[in-house]
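Accompanying notes for the structure given below.
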Amino acid sequence: MATLILAEHDNTNLNEATAKTLTAALALGQPVDILVAGHQAQAVADAAAKLSGIRAVKLADGASLAHQRAEPLADLIVSLAGGYDAIVVPATSTGKNVAPRVAALLDVMQISEITKVVSADTFERPIYAGNAIETVQSGDSKRVVTVRIAAFPAADAGGNAPVETVAAPADSGLSSFVGADLSVSDRPELAAAKVIVSGGRALGSAEKFQEVIAPLADQLKAAIGASRAAVDAGYAPNDWQVGQTGKVVAPDLYIAIGISGAIQHLAGMKDSKVIVAINKDGDAPIFQIADYGLVDDLFTVVPALTKALAN
Amino acid sequence: MKILVPVKRVVDTNVKIRVKADGTGVDLANVKMSMNPFDEIAVEEALRLKEAGKATEVVVVSIGTDKSAETLRTGLAMGADRAILVKTDIANIEPLAVAKLLKAVIAAEEPGLVILGKQAIDDDSNQTGQMLAALLGWPQATFASKVVLGDGDVDVTREVDGGLETLRLKLPAIVTTDLRLNEPRYASLPNIMKAKKKPLDETSPETLGVDASPRLTVLKTVEPTGRTAGVKLGSVDELVAKLKQAGVL
Ligand SMILES: Cc1cc2nc3c(=O)[nH]c(=O)nc-3n(C[C@H](O)[C@H](O)[C@H](O)COP(=O)(O)OP(=O)(O)OC[C@H]3O[C@@H](n4cnc5c(N)ncnc54)[C@H](O)[C@@H]3O)c2cc1C
């Protein structure tokens with residue numbers, strides 16, 4: 001049969017998570033359709049149509065899908081599921097929210113956050129904060145899978161697939177959107193950044209976090225990340241959290257500043273290509289996985305590094 | 001209104017787990033077990049709603065072996081009123097089966113709100129709450145950092161990739177907790193003693209009429225390919241030189 005993937009987008013732009021999910025979906029060896037579910041999202045559908053290797057884009061456009069709430073979105077996916085034997089969804093906050101709802105409605109056991117496709121029914125996925133990797137085989141007639149996007153490269157653009165319209169679902173009225181408080185930033189998105197500068201509890205305040213971390217990130221055109229401790233203390237917003245229960249990233253360069261290296265943090269960044277740790281405690285666990293370490297006070301080293309890079 | 005809080009017994013978050021050499025799983029012998037941290041947050045939130053006069057009873061439920069009764073006692077010691085153990089010997093009980101069992105418990109208990117942890121820190125699945133909402137036909141708000149219970153509805157602020165989002169759900173509803181919802185209390189010694197006398201009922205998948213057998217087969221479990229420690233450098237200039245060499249600048 002075929003594979004359906006759910007596009008990640010904000011009604012205006014197609015998020016790169018979609019192209020990464022496509023790479024995983026293509027490995028299943030079936031024709032792939034991309035579902036764009038949103039409101040006034042024609043531009044997203046047009047962008048999705050350019051991804052190479054896909055059969056078609058299905059565009060469901062309607063007010064009930066404006067905020068991709070789980071209830072109408074799951075109803076939509078289930079209504080299309082008859083034509084597919086695999087439903088593949090990026091493990092973004094939208095994907096993680098809706099995919100299990102779809103799986104349960106289809107009476108399927110979901111496979112979460114796959115990092116590798118072994119075959120059409122067998123996948124690798126991390127468990128215990130990435131301290132073990134499980135190979136699981138599905139015995140269900142359909143597969144519902146979420147994809148850890150940091151584990152897959154983006155599929156190429158260069159295609160020209162048809163865009164077909166499907167009906168948007170009616171709204172059950174069970175939930176409604178009240179409001180959002182989204183970060184606006186000129187920096188690259190954390191999940192897609194090539195370079196990430198990440199700060200921990202050691203920064204001590206939101207002001208210091210900005211004063212020390214931001215100039216280095218500016219210099220490197222990097223995204224900013226944070227440990228849970230830094231987020232809990234209010235030094236950084238929640239969407240910057242890297243780790244088991246935050247975002248999982250794999251940039252070319254990850255600089256951990258004043259972060260001890262708890263397993264829950266490592267779970268979110270240990271697949272980065274090059275890891276740098278700056279910590280005044282030479283025994284901090286972060287040094288066990290860092291390629292390069294500086295054992296020093298961050299408040300002197302980080303400004304010096306920013307300056308050295310500017311020259 | 002009654003609040004139901006499902007809780008899971010998992011390896012304690014501070015334990016460094018070991019994968020068995022023969023690839024059959026993670027070694028759980030003699031390892032410290034605790035209530036899943038996200039579930040502690042769920043229990044705490046339910047207790048706060050009760051203390052604020054917005055709920056009348058907090059019931060904790062766990063699905064697992066006899067040992068899961070310890071986890072339920074922890075919930076009772078925190079302040080929950082009653083506990084239900086759905087006893088099963090299936091070792092790796094899957095989220096879909098858990099959701100079906102919870103649905104059956106809910107049919108009898110009729111809570112107005114169910115609060116669950118967003119994920120268990122052992123299998124990291126992040127599925128049960130959403131699946132339960134689907135099976136019940138209830139609305140869901142996952143990854144909650146704020147819960148405001150109204151009359152007939154609940155406003156939930158959620159941690160999403162781009163920041164925060166607030167949804168309004170009609171009750172009954174499902175909420176799953178994120179880390180910043182609250183800071184769970186510790187059970188005091190007197191409350192631990194009192195918890196021993198609180199009611200803990202037992203049932204089973206058979207009694208509930210639910211087929212809880214697994215759908216997935218775990219073929220093997222291995223350790224991830226590790227990273228090795230690199231080098232500690234003496235100066236910022238050395239670091240810049242190394243990063244240039246590595247081609248990441
Ligand atoms: C269920 C659960 C989920 C979790 N999920 C996550 C997650 O997703 N992400 C995450 O990050 N954490 C997570 N955690 C928390 C994790 O266990 C750690 O508590 C957290 O990562 C610690 O943050 P930190 O390294 O900033 O703080 P600390 O551990 O306090 O480390 C601060 C470090 O800064 C160093 N330092 C202090 N002053 C200076 C200075 N002047 N110069 C240089 N170095 C200095 C210290 O030596 C220390 O190593 C989770 C925990 C639980 C229980």
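Each chain in the structure tokens gets a letter, A, B, ..., in the order shown, and its residues are numbered from 1; ligands are numbered from 1 in order too.
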Each chain A residue no farther than 6 Å from ligand 1, nearest pair in Å, only C-alpha atoms and all ligand atoms, as a tab-separated table:
residue	atom	partner	partner_atom_place_in_ligand_line	distance
A:Gly200	CA	ligand 1	26 (O)	3.2
A:Arg201	CA	ligand 1	26 (O)	3.8
A:Ala202	CA	ligand 1	37 (C)	4.1
A:Ser227	CA	ligand 1	11 (O)	3.4
A:Arg228	CA	ligand 1	10 (C)	4.0
A:Ala229	CA	ligand 1	23 (O)	4.2
A:Ala230	CA	ligand 1	26 (O)	5.5
A:Gln241	CA	ligand 1	9 (N)	5.9
A:Val242	CA	ligand 1	9 (N)	5.0
A:Gly243	CA	ligand 1	8 (O)	3.2
A:Gln244	CA	ligand 1	8 (O)	4.1
A:Thr245	CA	ligand 1	8 (O)	3.8
A:Gly246	CA	ligand 1	8 (O)	4.2
A:Gly258	CA	ligand 1	34 (O)	3.6
A:Ile259	CA	ligand 1	25 (O)	3.4
A:Ser260	CA	ligand 1	49 (O)	3.3
A:Gly261	CA	ligand 1	25 (O)	5.5
A:Ala262	CA	ligand 1	21 (O)	5.0
A:Gln264	CA	ligand 1	6 (C)	4.5
A:His265	CA	ligand 1	11 (O)	3.8
A:Asn279	CA	ligand 1	44 (N)	3.5
A:Lys280	CA	ligand 1	43 (C)	4.1
A:Asp281	CA	ligand 1	47 (O)	4.4
A:Ala284	CA	ligand 1	49 (O)	5.2
A:Asp296	CA	ligand 1	43 (C)	5.8
A:Asp297	CA	ligand 1	42 (N)	3.6
A:Leu298	CA	ligand 1	42 (N)	3.8
A:Phe299	CA	ligand 1	41 (N)	5.9
What are the residues of chain A that have an atom within 6 Å of an atom of chain B, counting only C-alpha atoms, as a count of residues only? 35
Hey, which of B:Arg82, B:Lys103, B:Lys244, B:Lys8 ends up closest to Ile63 (chain B)? Count only C-alpha atoms.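 Among B:Arg82, B:Lys103, B:Lys244, B:Lys8, it is B:Lys8 that comes nearest to Ile63 (chain B).
Between CA of Val184 (chain A) and CA of Trp240 (chain A) the interatomic distance comes to 12.3 Å.
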Smallest atom-to-atom distance to Leu80 (chain A): which of A:Gly29, A:Gly95, A:Gly234, A:Pro169, using only C-alpha atoms?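 Among the listed residues, A:Pro169 lies closest to Leu80 (chain A).
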Going by DSSP on the backbone, which residues of region 104-169 of chain A come out as strand (DSSP E)? List them as a PyMOL selection string. chain A and resi 111-114+116-119+122-127+132-138+143-147+163-166
Among region 8-248 of chain B, which ones does DSSP assign to helix (DSSP H, G or I) (computed from the backbone)? Answer as number ranges by chain. B: 37-51, 68-78, 95-109, 128-136, 189-195, 205-208, 236-245
Name the residues in contact with Met33 (chain B) at a cut-off of 8 Å, using only C-alpha atoms, excluding same-chain residues fewer than 3 positions from it; report them as a ChimeraX atom specification. /B:9-12
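Each of B:Thr203, B:Thr176, B:Ser213, B:Ser34 was checked against Arg73 (chain B) using only C-alpha atoms; the smallest atom-to-atom distance is that of B:Ser34.
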Applying 12 Å and only C-alpha atoms, which residues near Val89 (chain A) remain after dropping the ones on its own chain fewer than 3 positions away? List them as an MDAnalysis selection string. chainID A and resid 3:8 17:25 33:36 74 77 86 92:100 102:103 110:114 143:149
Quick one: residues within 8 Å of Ala192 (chain A), only C-alpha atoms, excluding same-chain residues fewer than 6 positions away - as a PDB file with C-alpha atoms, in the first residue's frame?
ATOM      1  CA  GLU A  16      12.337  21.107   7.894  1.00  0.00           C
ATOM      2  CA  VAL A 249      19.320  18.026  18.790  1.00  0.00           C
ATOM      3  CA  PRO A 251      24.110  20.009  15.440  1.00  0.00           C
TER       4      PRO A 251
END
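The shortest atom-to-atom distance to Thr306 (chain A), with only C-alpha atoms taken into account, belongs to A:Ile213 out of A:Tyr254, A:Pro285, A:Ile213, A:Ala226.
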Contact residues around region 108-117 of chain B with only C-alpha atoms at 8 Å, ignoring same-chain residues under 5 positions, as a PDB file with N, CA and C atoms, in the first residue's frame:
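Listing of result-v7.pdb after writing:
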ATOM      1  N   MET B   1     -15.923  17.008  42.381  1.00  0.00           N
ATOM      2  CA  MET B   1     -15.411  16.261  41.238  1.00  0.00           C
ATOM      3  C   MET B   1     -14.236  15.382  41.654  1.00  0.00           C
ATOM      4  N   LYS B   2     -14.216  14.209  41.066  1.00  0.00           N
ATOM      5  CA  LYS B   2     -13.147  13.258  41.352  1.00  0.00           C
ATOM      6  C   LYS B   2     -12.041  13.399  40.310  1.00  0.00           C
ATOM      7  N   ILE B   3     -10.775  13.312  40.771  1.00  0.00           N
ATOM      8  CA  ILE B   3      -9.651  13.320  39.831  1.00  0.00           C
ATOM      9  C   ILE B   3      -8.933  11.971  39.909  1.00  0.00           C
ATOM     10  N   LEU B   4      -8.690  11.405  38.747  1.00  0.00           N
ATOM     11  CA  LEU B   4      -7.979  10.127  38.691  1.00  0.00           C
ATOM     12  C   LEU B   4      -6.552  10.394  38.205  1.00  0.00           C
ATOM     13  N   VAL B   5      -5.576   9.783  38.899  1.00  0.00           N
ATOM     14  CA  VAL B   5      -4.176   9.971  38.500  1.00  0.00           C
ATOM     15  C   VAL B   5      -3.491   8.607  38.339  1.00  0.00           C
ATOM     16  N   PRO B   6      -3.245   8.191  37.113  1.00  0.00           N
ATOM     17  CA  PRO B   6      -2.501   6.953  36.892  1.00  0.00           C
ATOM     18  C   PRO B   6      -1.004   7.168  37.188  1.00  0.00           C
ATOM     19  N   VAL B   7      -0.395   6.207  37.885  1.00  0.00           N
ATOM     20  CA  VAL B   7       1.033   6.338  38.238  1.00  0.00           C
ATOM     21  C   VAL B   7       1.772   5.062  37.856  1.00  0.00           C
ATOM     22  N   ASN B  36       7.304   7.333  38.632  1.00  0.00           N
ATOM     23  CA  ASN B  36       7.718   8.140  37.486  1.00  0.00           C
ATOM     24  C   ASN B  36       7.603   9.626  37.837  1.00  0.00           C
ATOM     25  N   PRO B  37       8.688  10.417  37.652  1.00  0.00           N
ATOM     26  CA  PRO B  37       8.668  11.821  38.091  1.00  0.00           C
ATOM     27  C   PRO B  37       7.504  12.648  37.529  1.00  0.00           C
ATOM     28  N   PHE B  38       7.129  12.396  36.292  1.00  0.00           N
ATOM     29  CA  PHE B  38       6.011  13.156  35.723  1.00  0.00           C
ATOM     30  C   PHE B  38       4.691  12.809  36.414  1.00  0.00           C
ATOM     31  N   ASP B  39       4.604  11.573  36.924  1.00  0.00           N
ATOM     32  CA  ASP B  39       3.389  11.155  37.627  1.00  0.00           C
ATOM     33  C   ASP B  39       3.316  11.809  39.010  1.00  0.00           C
ATOM     34  N   GLU B  40       4.487  12.017  39.630  1.00  0.00           N
ATOM     35  CA  GLU B  40       4.509  12.741  40.909  1.00  0.00           C
ATOM     36  C   GLU B  40       3.933  14.139  40.703  1.00  0.00           C
ATOM     37  N   ILE B  41       4.298  14.742  39.582  1.00  0.00           N
ATOM     38  CA  ILE B  41       3.788  16.080  39.262  1.00  0.00           C
ATOM     39  C   ILE B  41       2.269  16.018  39.062  1.00  0.00           C
ATOM     40  N   ALA B  42       1.809  14.932  38.454  1.00  0.00           N
ATOM     41  CA  ALA B  42       0.363  14.760  38.230  1.00  0.00           C
ATOM     42  C   ALA B  42      -0.379  14.610  39.559  1.00  0.00           C
ATOM     43  N   VAL B  43       0.181  13.803  40.476  1.00  0.00           N
ATOM     44  CA  VAL B  43      -0.448  13.627  41.790  1.00  0.00           C
ATOM     45  C   VAL B  43      -0.490  14.981  42.508  1.00  0.00           C
ATOM     46  N   ALA B  46      -3.210  17.249  41.208  1.00  0.00           N
ATOM     47  CA  ALA B  46      -4.536  16.814  41.658  1.00  0.00           C
ATOM     48  C   ALA B  46      -4.758  17.205  43.122  1.00  0.00           C
ATOM     49  N   GLY B 129      -1.629   9.084  27.778  1.00  0.00           N
ATOM     50  CA  GLY B 129      -2.683  10.084  27.957  1.00  0.00           C
ATOM     51  C   GLY B 129      -3.465  10.320  26.672  1.00  0.00           C
ATOM     52  N   LEU B 171     -14.970  19.450  30.153  1.00  0.00           N
ATOM     53  CA  LEU B 171     -14.826  18.306  31.055  1.00  0.00           C
ATOM     54  C   LEU B 171     -15.882  17.254  30.709  1.00  0.00           C
ATOM     55  N   PRO B 172     -15.593  15.977  30.907  1.00  0.00           N
ATOM     56  CA  PRO B 172     -14.341  15.405  31.413  1.00  0.00           C
ATOM     57  C   PRO B 172     -13.214  15.488  30.379  1.00  0.00           C
ATOM     58  N   ALA B 173     -11.969  15.543  30.878  1.00  0.00           N
ATOM     59  CA  ALA B 173     -10.837  15.766  29.991  1.00  0.00           C
ATOM     60  C   ALA B 173      -9.578  15.063  30.507  1.00  0.00           C
ATOM     61  N   ILE B 174      -8.607  14.991  29.608  1.00  0.00           N
ATOM     62  CA  ILE B 174      -7.306  14.387  29.921  1.00  0.00           C
ATOM     63  C   ILE B 174      -6.228  15.464  29.880  1.00  0.00           C
ATOM     64  N   VAL B 175      -5.397  15.502  30.922  1.00  0.00           N
ATOM     65  CA  VAL B 175      -4.264  16.429  30.953  1.00  0.00           C
ATOM     66  C   VAL B 175      -2.993  15.615  31.196  1.00  0.00           C
ATOM     67  N   THR B 176      -1.911  15.903  30.464  1.00  0.00           N
ATOM     68  CA  THR B 176      -0.625  15.290  30.810  1.00  0.00           C
ATOM     69  C   THR B 176       0.362  16.377  31.216  1.00  0.00           C
ATOM     70  N   THR B 177       1.204  16.043  32.196  1.00  0.00           N
ATOM     71  CA  THR B 177       2.026  17.046  32.869  1.00  0.00           C
ATOM     72  C   THR B 177       3.395  17.203  32.237  1.00  0.00           C
ATOM     73  N   ASP B 178       3.869  18.444  32.195  1.00  0.00           N
ATOM     74  CA  ASP B 178       5.274  18.700  31.881  1.00  0.00           C
ATOM     75  C   ASP B 178       5.998  19.078  33.179  1.00  0.00           C
TER      76      ASP B 178
END
